[in-house]
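**Student:** Enclosed is the structure file protein08.cif (mmCIF, C-alpha atoms (C1' of nucleotides)).
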```cif
data_input
#
loop_
_atom_site.group_PDB
_atom_site.id
_atom_site.type_symbol
_atom_site.label_atom_id
_atom_site.label_comp_id
_atom_site.auth_asym_id
_atom_site.auth_seq_id
_atom_site.Cartn_x
_atom_site.Cartn_y
_atom_site.Cartn_z
ATOM 1 C CA MET K 1 -21.721 33.974 -21.874
ATOM 2 C CA PRO K 2 -23.323 31.703 -19.400
ATOM 3 C CA GLU K 3 -22.848 32.514 -15.758
ATOM 4 C CA LYS K 4 -24.455 30.590 -12.914
ATOM 5 C CA PRO K 5 -28.080 31.540 -13.687
ATOM 6 C CA GLU K 6 -27.791 30.532 -17.331
ATOM 7 C CA VAL K 7 -26.014 27.317 -16.419
ATOM 8 C CA ILE K 8 -28.771 26.429 -13.961
ATOM 9 C CA THR K 9 -31.407 27.121 -16.590
ATOM 10 C CA VAL K 10 -29.681 24.952 -19.157
ATOM 11 C CA ALA K 11 -29.246 22.132 -16.636
ATOM 12 C CA ARG K 12 -32.955 22.240 -15.772
ATOM 13 C CA LYS K 13 -33.944 22.057 -19.409
ATOM 14 C CA LEU K 14 -31.587 19.164 -20.076
ATOM 15 C CA LYS K 15 -32.939 17.350 -17.061
ATOM 16 C CA GLN K 16 -36.498 17.541 -18.369
ATOM 17 C CA HIS K 17 -35.506 15.782 -21.574
ATOM 18 C CA LEU K 18 -32.778 13.411 -20.515
ATOM 19 C CA ILE K 19 -33.385 11.990 -17.092
ATOM 20 C CA GLY K 20 -33.547 8.191 -17.150
ATOM 21 C CA LEU K 21 -32.052 7.892 -20.627
ATOM 22 C CA SER K 22 -28.659 6.333 -21.368
ATOM 23 C CA PHE K 23 -25.838 7.246 -23.704
ATOM 24 C CA LYS K 24 -25.452 4.754 -26.514
ATOM 25 C CA ASN K 25 -22.338 6.274 -27.987
ATOM 26 C CA VAL K 26 -20.635 9.560 -28.765
ATOM 27 C CA GLU K 27 -19.012 11.008 -31.864
ATOM 28 C CA ILE K 28 -16.335 13.638 -31.357
ATOM 29 C CA TYR K 29 -15.404 15.988 -34.171
ATOM 30 C CA HIS K 30 -13.126 18.338 -32.263
ATOM 31 C CA ASN K 31 -10.811 16.624 -29.806
ATOM 32 C CA ASN K 32 -9.950 19.716 -27.777
ATOM 33 C CA VAL K 33 -13.441 19.789 -26.315
ATOM 34 C CA ILE K 34 -12.572 16.690 -24.295
ATOM 35 C CA ALA K 35 -10.391 17.861 -21.423
ATOM 36 C CA TYR K 36 -10.281 14.536 -19.561
ATOM 37 C CA PRO K 37 -9.679 11.647 -20.037
ATOM 38 C CA THR K 38 -8.366 10.902 -23.546
ATOM 39 C CA VAL K 39 -10.828 11.035 -26.427
ATOM 40 C CA GLU K 40 -10.666 7.253 -26.802
ATOM 41 C CA GLU K 41 -11.331 6.625 -23.129
ATOM 42 C CA PHE K 42 -14.119 9.166 -23.130
ATOM 43 C CA LYS K 43 -15.849 7.433 -26.034
ATOM 44 C CA GLU K 44 -15.509 4.046 -24.433
ATOM 45 C CA LYS K 45 -16.530 5.019 -20.903
ATOM 46 C CA ILE K 46 -19.622 7.009 -21.835
ATOM 47 C CA LYS K 47 -21.271 3.959 -23.404
ATOM 48 C CA ASN K 48 -24.364 2.664 -21.610
ATOM 49 C CA LYS K 49 -24.070 5.214 -18.829
ATOM 50 C CA LYS K 50 -27.486 6.136 -17.496
ATOM 51 C CA ILE K 51 -28.382 9.736 -16.682
ATOM 52 C CA ILE K 52 -29.611 9.727 -13.091
ATOM 53 C CA ASN K 53 -29.698 13.467 -12.567
ATOM 54 C CA ILE K 54 -28.433 16.756 -13.983
ATOM 55 C CA GLY K 55 -27.337 19.676 -11.846
ATOM 56 C CA THR K 56 -24.588 22.270 -11.612
ATOM 57 C CA ARG K 57 -21.429 23.025 -9.687
ATOM 58 C CA GLY K 58 -20.094 26.506 -10.327
ATOM 59 C CA LYS K 59 -20.428 27.049 -14.066
ATOM 60 C CA TRP K 60 -20.165 23.329 -14.777
ATOM 61 C CA ILE K 61 -23.184 21.294 -15.806
ATOM 62 C CA VAL K 62 -22.988 18.029 -13.895
ATOM 63 C CA PHE K 63 -24.519 14.886 -15.410
ATOM 64 C CA ASP K 64 -24.843 12.289 -12.673
ATOM 65 C CA LEU K 65 -24.108 8.966 -14.351
ATOM 66 C CA GLU K 66 -24.296 6.789 -11.249
ATOM 67 C CA SER K 67 -20.627 5.824 -11.052
ATOM 68 C CA ASP K 68 -19.282 8.861 -12.893
ATOM 69 C CA TYR K 69 -19.885 12.495 -13.608
ATOM 70 C CA LEU K 70 -19.972 14.025 -17.053
ATOM 71 C CA LEU K 71 -19.000 17.665 -16.546
ATOM 72 C CA VAL K 72 -19.651 20.241 -19.255
ATOM 73 C CA HIS K 73 -18.426 23.840 -19.235
ATOM 74 C CA LEU K 74 -20.086 25.956 -21.916
ATOM 75 C CA ARG K 75 -17.560 28.792 -21.618
ATOM 76 C CA MET K 76 -18.726 31.570 -23.923
ATOM 77 C CA GLU K 77 -20.850 30.019 -26.590
ATOM 78 C CA GLY K 78 -21.465 26.363 -25.898
ATOM 79 C CA ARG K 79 -25.016 25.127 -26.224
ATOM 80 C CA PHE K 80 -26.962 21.930 -26.700
ATOM 81 C CA PHE K 81 -29.428 20.931 -29.378
ATOM 82 C CA TYR K 82 -31.739 17.947 -29.626
ATOM 83 C CA ARG K 83 -31.615 16.358 -33.044
ATOM 84 C CA THR K 84 -32.362 13.111 -34.830
ATOM 85 C CA LYS K 85 -29.817 10.907 -36.546
ATOM 86 C CA GLU K 86 -31.073 12.102 -39.916
ATOM 87 C CA ASP K 87 -30.253 15.749 -39.301
ATOM 88 C CA PRO K 88 -27.038 16.758 -41.060
ATOM 89 C CA ARG K 89 -24.225 17.788 -38.744
ATOM 90 C CA GLY K 90 -23.902 21.529 -38.370
ATOM 91 C CA LYS K 91 -20.570 23.226 -38.869
ATOM 92 C CA HIS K 92 -20.192 23.949 -35.171
ATOM 93 C CA GLU K 93 -21.476 20.693 -33.740
ATOM 94 C CA HIS K 94 -18.403 19.117 -32.183
ATOM 95 C CA VAL K 95 -19.777 16.378 -29.958
ATOM 96 C CA ILE K 96 -22.804 14.241 -30.769
ATOM 97 C CA PHE K 97 -24.240 11.937 -28.124
ATOM 98 C CA THR K 98 -26.691 9.278 -29.294
ATOM 99 C CA LEU K 99 -29.158 8.240 -26.632
ATOM 100 C CA ASN K 100 -30.843 4.887 -26.132
ATOM 101 C CA ASN K 101 -34.060 6.287 -27.637
ATOM 102 C CA ASP K 102 -32.032 7.029 -30.794
ATOM 103 C CA GLN K 103 -32.420 10.764 -30.343
ATOM 104 C CA GLN K 104 -29.270 12.846 -30.290
ATOM 105 C CA LEU K 105 -27.925 15.463 -27.943
ATOM 106 C CA ARG K 106 -25.515 17.675 -29.861
ATOM 107 C CA TYR K 107 -22.956 20.046 -28.403
ATOM 108 C CA HIS K 108 -22.547 23.187 -30.497
ATOM 109 C CA ASP K 109 -19.770 25.697 -29.872
ATOM 110 C CA VAL K 110 -18.695 28.308 -32.392
ATOM 111 C CA ARG K 111 -15.478 29.234 -30.620
ATOM 112 C CA LYS K 112 -14.612 25.759 -29.386
ATOM 113 C CA PHE K 113 -13.814 27.049 -25.917
ATOM 114 C CA GLY K 114 -16.116 24.683 -24.046
ATOM 115 C CA LYS K 115 -14.797 21.652 -22.169
ATOM 116 C CA MET K 116 -16.043 18.225 -21.143
ATOM 117 C CA VAL K 117 -14.730 15.938 -18.437
ATOM 118 C CA LEU K 118 -15.761 12.372 -17.660
ATOM 119 C CA ILE K 119 -14.586 11.422 -14.211
ATOM 120 C CA SER K 120 -15.435 8.784 -11.618
ATOM 121 C CA LYS K 121 -17.210 10.077 -8.549
ATOM 122 C CA GLU K 122 -14.371 8.794 -6.405
ATOM 123 C CA GLU K 123 -11.827 10.964 -8.165
ATOM 124 C CA ALA K 124 -14.082 13.935 -8.764
ATOM 125 C CA ASN K 125 -13.844 15.680 -5.430
ATOM 126 C CA SER K 126 -10.086 15.518 -5.172
ATOM 127 C CA LYS K 127 -9.298 16.445 -8.768
ATOM 128 C CA LYS K 128 -9.746 19.460 -10.955
ATOM 129 C CA PRO K 129 -12.012 21.022 -11.889
ATOM 130 C CA LEU K 130 -14.413 20.392 -9.004
ATOM 131 C CA SER K 131 -11.751 20.395 -6.301
ATOM 132 C CA GLU K 132 -10.777 23.975 -7.181
ATOM 133 C CA LEU K 133 -14.213 25.507 -6.841
ATOM 134 C CA GLY K 134 -15.200 27.799 -4.008
ATOM 135 C CA LEU K 135 -18.624 28.243 -2.441
ATOM 136 C CA GLU K 136 -21.857 28.550 -4.361
ATOM 137 C CA PHE K 137 -23.564 31.934 -4.047
ATOM 138 C CA ASP K 138 -26.436 30.410 -2.068
ATOM 139 C CA ASP K 139 -24.273 28.370 0.294
ATOM 140 C CA GLU K 140 -24.923 29.408 3.893
ATOM 141 C CA LYS K 141 -21.195 29.102 4.565
ATOM 142 C CA LEU K 142 -20.700 32.143 2.349
ATOM 143 C CA THR K 143 -20.363 34.787 5.051
ATOM 144 C CA GLU K 144 -18.596 38.101 5.483
ATOM 145 C CA ASN K 145 -15.973 36.337 7.535
ATOM 146 C CA TYR K 146 -15.384 33.752 4.809
ATOM 147 C CA LEU K 147 -14.739 36.507 2.277
ATOM 148 C CA LYS K 148 -12.511 38.380 4.700
ATOM 149 C CA LYS K 149 -10.165 35.395 4.925
ATOM 150 C CA PHE K 150 -9.547 35.534 1.168
ATOM 151 C CA TYR K 151 -9.866 39.246 0.547
ATOM 152 C CA GLU K 152 -7.513 40.570 3.196
ATOM 153 C CA LYS K 153 -4.501 39.096 1.408
ATOM 154 C CA LYS K 154 -5.625 39.933 -2.113
ATOM 155 C CA ASN K 155 -3.817 42.856 -3.641
ATOM 156 C CA LEU K 156 -5.961 42.600 -6.778
ATOM 157 C CA PRO K 157 -8.909 44.721 -7.913
ATOM 158 C CA ILE K 158 -12.175 43.402 -6.501
ATOM 159 C CA LYS K 159 -13.495 42.929 -10.034
ATOM 160 C CA SER K 160 -10.803 40.333 -10.704
ATOM 161 C CA VAL K 161 -11.344 38.699 -7.321
ATOM 162 C CA LEU K 162 -15.080 38.296 -7.950
ATOM 163 C CA LEU K 163 -14.194 36.320 -11.066
ATOM 164 C CA ASP K 164 -11.918 34.002 -9.080
ATOM 165 C CA GLN K 165 -13.909 30.771 -9.078
ATOM 166 C CA SER K 166 -12.037 29.378 -6.082
ATOM 167 C CA ILE K 167 -13.657 31.895 -3.708
ATOM 168 C CA ILE K 168 -17.245 32.257 -4.912
ATOM 169 C CA THR K 169 -18.026 30.129 -7.934
ATOM 170 C CA GLY K 170 -20.481 31.066 -10.672
ATOM 171 C CA ILE K 171 -19.962 34.804 -11.121
ATOM 172 C CA GLY K 172 -18.884 35.928 -14.598
ATOM 173 C CA ASN K 173 -17.900 39.201 -16.207
ATOM 174 C CA ILE K 174 -21.405 40.578 -16.655
ATOM 175 C CA TYR K 175 -22.911 39.966 -13.248
ATOM 176 C CA ALA K 176 -19.663 40.977 -11.518
ATOM 177 C CA ASP K 177 -20.170 44.513 -12.859
ATOM 178 C CA GLU K 178 -23.785 44.525 -11.719
ATOM 179 C CA ILE K 179 -22.900 43.275 -8.232
ATOM 180 C CA LEU K 180 -20.273 45.995 -7.797
ATOM 181 C CA PHE K 181 -22.632 48.689 -9.025
ATOM 182 C CA LEU K 182 -25.340 47.664 -6.555
ATOM 183 C CA SER K 183 -22.710 47.570 -3.812
ATOM 184 C CA ASN K 184 -21.335 51.040 -4.650
ATOM 185 C CA ILE K 185 -17.846 49.629 -4.998
ATOM 186 C CA CYS K 186 -15.343 50.701 -7.643
ATOM 187 C CA PRO K 187 -14.136 47.662 -9.609
ATOM 188 C CA LEU K 188 -10.545 48.883 -9.188
ATOM 189 C CA THR K 189 -10.603 48.900 -5.398
ATOM 190 C CA LYS K 190 -8.210 46.298 -4.061
ATOM 191 C CA ALA K 191 -9.949 43.452 -2.300
ATOM 192 C CA LYS K 192 -7.817 43.952 0.818
ATOM 193 C CA ASN K 193 -9.036 47.537 1.134
ATOM 194 C CA LEU K 194 -12.718 46.665 1.286
ATOM 195 C CA THR K 195 -14.666 47.317 4.467
ATOM 196 C CA LYS K 196 -16.783 44.863 6.354
ATOM 197 C CA LYS K 197 -19.870 46.588 4.974
ATOM 198 C CA ASN K 198 -18.508 46.172 1.448
ATOM 199 C CA ARG K 199 -18.172 42.439 1.970
ATOM 200 C CA VAL K 200 -21.656 42.175 3.425
ATOM 201 C CA ASP K 201 -23.020 44.130 0.457
ATOM 202 C CA ILE K 202 -21.191 41.934 -2.028
ATOM 203 C CA ILE K 203 -22.751 38.790 -0.605
ATOM 204 C CA GLU K 204 -26.214 40.301 -0.453
ATOM 205 C CA ASN K 205 -26.070 41.705 -3.978
ATOM 206 C CA THR K 206 -24.531 38.568 -5.433
ATOM 207 C CA ARG K 207 -27.524 36.661 -4.126
ATOM 208 C CA ALA K 208 -29.968 39.311 -5.312
ATOM 209 C CA VAL K 209 -28.558 39.518 -8.847
ATOM 210 C CA LEU K 210 -28.136 35.797 -9.405
ATOM 211 C CA ASN K 211 -31.504 34.881 -7.903
ATOM 212 C CA ALA K 212 -33.263 37.475 -10.023
ATOM 213 C CA ALA K 213 -31.526 36.176 -13.128
ATOM 214 C CA ILE K 214 -32.440 32.586 -12.303
ATOM 215 C CA LYS K 215 -36.043 33.614 -11.907
ATOM 216 C CA GLU K 216 -35.885 35.446 -15.219
ATOM 217 C CA GLY K 217 -34.365 32.409 -16.916
ATOM 218 C CA GLY K 218 -37.180 30.182 -15.796
ATOM 219 C CA THR K 219 -39.680 32.381 -17.587
ATOM 220 C CA THR K 220 -37.852 33.529 -20.698
ATOM 221 C CA ILE K 221 -35.854 30.496 -21.754
ATOM 222 C CA ARG K 222 -38.813 28.917 -23.467
ATOM 223 C CA SER K 223 -38.813 31.423 -26.279
ATOM 224 C CA TYR K 224 -35.200 30.665 -27.112
ATOM 225 C CA GLU K 225 -35.293 26.951 -26.909
ATOM 226 C CA SER K 226 -36.829 25.870 -30.194
ATOM 227 C CA GLU K 227 -34.982 28.402 -32.279
ATOM 228 C CA GLU K 228 -31.570 28.361 -30.773
ATOM 229 C CA GLY K 229 -31.200 25.243 -28.725
ATOM 230 C CA VAL K 230 -30.688 24.927 -25.026
ATOM 231 C CA HIS K 231 -28.139 27.512 -24.076
ATOM 232 C CA GLY K 232 -29.752 29.733 -21.476
ATOM 233 C CA LEU K 233 -28.547 32.884 -23.122
ATOM 234 C CA PHE K 234 -30.711 35.596 -21.687
ATOM 235 C CA GLN K 235 -29.867 38.426 -19.454
ATOM 236 C CA LEU K 236 -31.341 40.231 -16.610
ATOM 237 C CA LYS K 237 -32.061 43.862 -17.234
ATOM 238 C CA LEU K 238 -28.558 45.184 -16.744
ATOM 239 C CA LYS K 239 -27.791 48.478 -15.039
ATOM 240 C CA VAL K 240 -24.182 49.110 -16.071
ATOM 241 C CA HIS K 241 -22.643 46.229 -18.009
ATOM 242 C CA GLY K 242 -22.455 47.090 -21.699
ATOM 243 C CA LYS K 243 -23.801 50.586 -21.067
ATOM 244 C CA SER K 244 -20.757 52.766 -21.687
ATOM 245 C CA LYS K 245 -21.660 56.381 -22.518
ATOM 246 C CA GLU K 246 -25.192 55.845 -21.230
ATOM 247 C CA SER K 247 -26.334 57.534 -18.065
ATOM 248 C CA CYS K 248 -26.225 55.902 -14.675
ATOM 249 C CA PRO K 249 -29.678 54.780 -13.489
ATOM 250 C CA GLU K 250 -28.905 56.231 -10.048
ATOM 251 C CA CYS K 251 -27.158 59.558 -10.639
ATOM 252 C CA SER K 252 -27.470 60.128 -14.403
ATOM 253 C CA LYS K 253 -23.736 60.704 -14.843
ATOM 254 C CA GLU K 254 -21.956 58.808 -17.574
ATOM 255 C CA ILE K 255 -21.101 55.123 -17.251
ATOM 256 C CA ILE K 256 -17.605 54.328 -18.463
ATOM 257 C CA LYS K 257 -15.794 51.270 -19.736
ATOM 258 C CA ILE K 258 -12.295 50.301 -18.630
ATOM 259 C CA GLN K 259 -10.145 47.168 -18.670
ATOM 260 C CA VAL K 260 -9.588 45.304 -15.414
ATOM 261 C CA GLY K 261 -7.478 42.175 -15.542
ATOM 262 C CA GLY K 262 -8.030 42.096 -19.290
ATOM 263 C CA ARG K 263 -11.816 42.134 -18.940
ATOM 264 C CA GLY K 264 -14.140 44.831 -20.196
ATOM 265 C CA THR K 265 -15.534 46.482 -17.081
ATOM 266 C CA TYR K 266 -18.384 48.976 -16.838
ATOM 267 C CA TYR K 267 -19.119 51.235 -13.894
ATOM 268 C CA CYS K 268 -20.306 54.636 -12.744
ATOM 269 C CA PRO K 269 -17.313 56.633 -11.455
ATOM 270 C CA ASN K 270 -19.658 58.859 -9.480
ATOM 271 C CA CYS K 271 -21.531 56.099 -7.626
ATOM 272 C CA GLN K 272 -18.542 53.779 -7.377
ATOM 273 C CA LYS K 273 -15.634 55.782 -5.999
ATOM 274 C CA GLU K 274 -12.329 54.049 -5.516
ATOM 275 C CA LYS K 275 -11.116 53.468 -1.960
ATOM 276 C CA LYS K 276 -7.405 53.718 -1.512
ATOM 277 C "C1'" DA J 1 2.790 31.825 -2.984
ATOM 278 C "C1'" DT J 2 0.810 35.701 -5.664
ATOM 279 C "C1'" DA J 3 0.140 38.182 -9.759
ATOM 280 C "C1'" DC J 4 0.947 38.814 -14.391
ATOM 281 C "C1'" DT J 5 0.723 37.548 -19.623
ATOM 282 C "C1'" DC J 6 -0.403 34.674 -23.258
ATOM 283 C "C1'" DC J 7 -3.311 31.579 -25.516
ATOM 284 C "C1'" DC J 8 -7.283 29.026 -27.225
ATOM 285 C "C1'" DC J 9 -11.010 30.241 -31.416
ATOM 286 C "C1'" DT J 10 -14.257 32.471 -34.459
ATOM 287 C "C1'" DG J 11 -17.452 35.926 -36.011
ATOM 288 C "C1'" DA J 12 -18.774 40.640 -35.767
ATOM 289 C "C1'" DG J 13 -17.782 45.155 -36.615
ATOM 290 C "C1'" DA J 14 -14.650 48.927 -37.912
ATOM 291 C "C1'" DG J 15 -11.780 51.062 -41.250
ATOM 292 C "C1'" DC J 16 -10.239 51.622 -45.809
ATOM 293 C "C1'" DT G 1 -18.155 44.796 -52.309
ATOM 294 C "C1'" DG G 2 -14.488 42.822 -50.016
ATOM 295 C "C1'" DC G 3 -10.351 42.777 -47.774
ATOM 296 C "C1'" DT G 4 -7.634 43.183 -43.300
ATOM 297 C "C1'" DC G 5 -7.380 44.244 -38.555
ATOM 298 C "C1'" DT G 6 -8.986 44.265 -33.806
ATOM 299 C "C1'" DC G 7 -11.645 42.688 -30.199
ATOM 300 C "C1'" DA G 8 -14.446 39.709 -26.955
ATOM 301 C "C1'" DG G 9 -13.790 36.370 -23.112
ATOM 302 C "C1'" DG G 10 -13.287 31.747 -18.905
ATOM 303 C "C1'" DG G 11 -9.856 29.709 -17.306
ATOM 304 C "C1'" DG G 12 -5.503 26.934 -17.809
ATOM 305 C "C1'" DA G 13 -0.516 27.141 -18.615
ATOM 306 C "C1'" DG G 14 3.597 29.290 -18.248
ATOM 307 C "C1'" DT G 15 6.614 32.913 -16.205
ATOM 308 C "C1'" DA G 16 8.530 36.535 -13.094
#
```
Would it be possible to restate this file's structure as structure tokens?

**Tutor:**
Amino acid sequence: MPEKPEVITVARKLKQHLIGLSFKNVEIYHNNVIAYPTVEEFKEKIKNKKIINIGTRGKWIVFDLESDYLLVHLRMEGRFFYRTKEDPRGKHEHVIFTLNNDQQLRYHDVRKFGKMVLISKEEANSKKPLSELGLEFDDEKLTENYLKKFYEKKNLPIKSVLLDQSIITGIGNIYADEILFLSNICPLTKAKNLTKKNRVDIIENTRAVLNAAIKEGGTTIRSYESEEGVHGLFQLKLKVHGKSKESCPECSKEIIKIQVGGRGTYYCPNCQKEKK
DNA sequence: ATACTCCCCTGAGAGC
DNA sequence: TGCTCTCAGGGGAGTA
């Protein structure tokens, strides 16, 4: 599922194709994809909007439409395809944007978990979802002291807290496991019990993991694009996530899988000992 | 307020 | 082969 690096990669690819074009109209085949406003308003408001820029905020792709933002969250399986009007609609294509060059941008999502929001720039910063997002991993305001403020009152496992998008935004289930492994922190350790060094390590390793993945995405995405559309689904060489029963790359003991906050979580119990 | 649980949705894989 | 069951998961809604 896309986390920040994949979202950035997808946004970059979209930008290359779409910048300067306008939306002519949109067809919506699954209403639940449109989170805000109503489907009818969405269809009406998107018309003739010009794409000035495409970037990201957290895991949201942000289309800058001059007066508005089109926000797209891919969740687990959302992806975009470029098609022509003649191409038959695929089973999982739920939203089809026609551009002013008569090409189409199609949103494909097997599980229909993805969401789109069309919101004026005025409203955007004070309303969900953007108003709820915490700092980006590369924001210089992300400091040990910033984390301390949130963590010292959190009685939840650090794994769950890393996934809380209102503190640091952009980390998902896969990279959270990798960050904790590199930081030698047990995913079950309560956030309030972490040391200053733990918090420093988390910031450093979050940046290391996400930057490495972004770099990877820039080089490997090409091979996926023509076959599978623009979805940024690639992964950094992972050390623990998905590796249950394999041996730890550091100590060779067995990596195990547990559930934390309902999420599959992989770690090395030898390298990542729980602090009480 | 914080911390749970449930739910959305479908395909893949397991078990029979 | 083909059926049924379970699971995966980001984040919002609802509840204790």

**Student:** As a list of chain:residue names, could you give me every residue of chain J near chain K (at most 7 Å apart, counting all atoms listed in the file)?

**Tutor:**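 My answer is J:DC8, J:DC9, J:DT10.
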
**Student:** Run through the PyMOL selection byres ((chain K) within 12 of (chain G)) on the given coordinates and return the selected residues as a ChimeraX atom specification.

**Tutor:** /K:1-3,35,59-60,73-77,111,113-115,128-129,132,163-166,170-174,259,261-265

**Student:** What separation in Å, quoted to one decimal, exists between CA of Leu14 in chain K and CA of Val26 in chain K?

**Tutor:**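 Answer for the CA of Leu14 in chain K to CA of Val26 in chain K separation: 17.0 Å.
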
**Student:** Here's the selection I'm unsure about, the PyMOL selection byres ((chain K and resi 27) around 6); applied to the file above, which residues does it give, as a ChimeraX atom specification?

**Tutor:** /K:26,28,95-96

**Student:** Could you write out that same residue set with C-alpha atoms as a PDB file, keeping the file's coordinate frame?

**Tutor:**
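This is the output file out_27.pdb:
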```
ATOM      1  CA  VAL K  26     -20.635   9.560 -28.765  1.00  0.00           C
ATOM      2  CA  ILE K  28     -16.335  13.638 -31.357  1.00  0.00           C
ATOM      3  CA  VAL K  95     -19.777  16.378 -29.958  1.00  0.00           C
ATOM      4  CA  ILE K  96     -22.804  14.241 -30.769  1.00  0.00           C
TER       5      ILE K  96
END
```

**Student:** Report the residues retrieved by the PyMOL selection byres ((chain K and resi 83) around 6) from the displayed file, expressed as a ChimeraX atom specification.

**Tutor:** /K:82,84,104

**Student:** Grab the CA of Ile168 in chain K to CA of Lys149 in chain K distance for me, in Å with one decimal place.

**Tutor:**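 So the two atoms, CA of Ile168 in chain K and CA of Lys149 in chain K, lie 12.5 Å apart.
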
**Student:** So the first atom is CA of Ser120 in chain K and the second is CA of Ile52 in chain K; what is the distance between them in Å, to one decimal place?

**Tutor:**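 Computed distance, CA of Ser120 in chain K to CA of Ile52 in chain K, equals 14.3 Å.
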
**Student:** Taking (-22.8, 45.8, -7.0) in the file's coordinates, which residues come within 12 Å, counting all atoms listed in the file, written as a PyMOL selection string?

**Tutor:** chain K and resi 158-159+162+174-187+198-210+238-241+266-268+271-272

**Student:** At a cut-off of 10 Å from (-35.9, 3.9, -24.3) in the coordinates of the file, what residues are picked up using only C-alpha atoms (C1' of nucleotides), written as a PyMOL selection string?

**Tutor:** chain K and resi 20-22+99-103
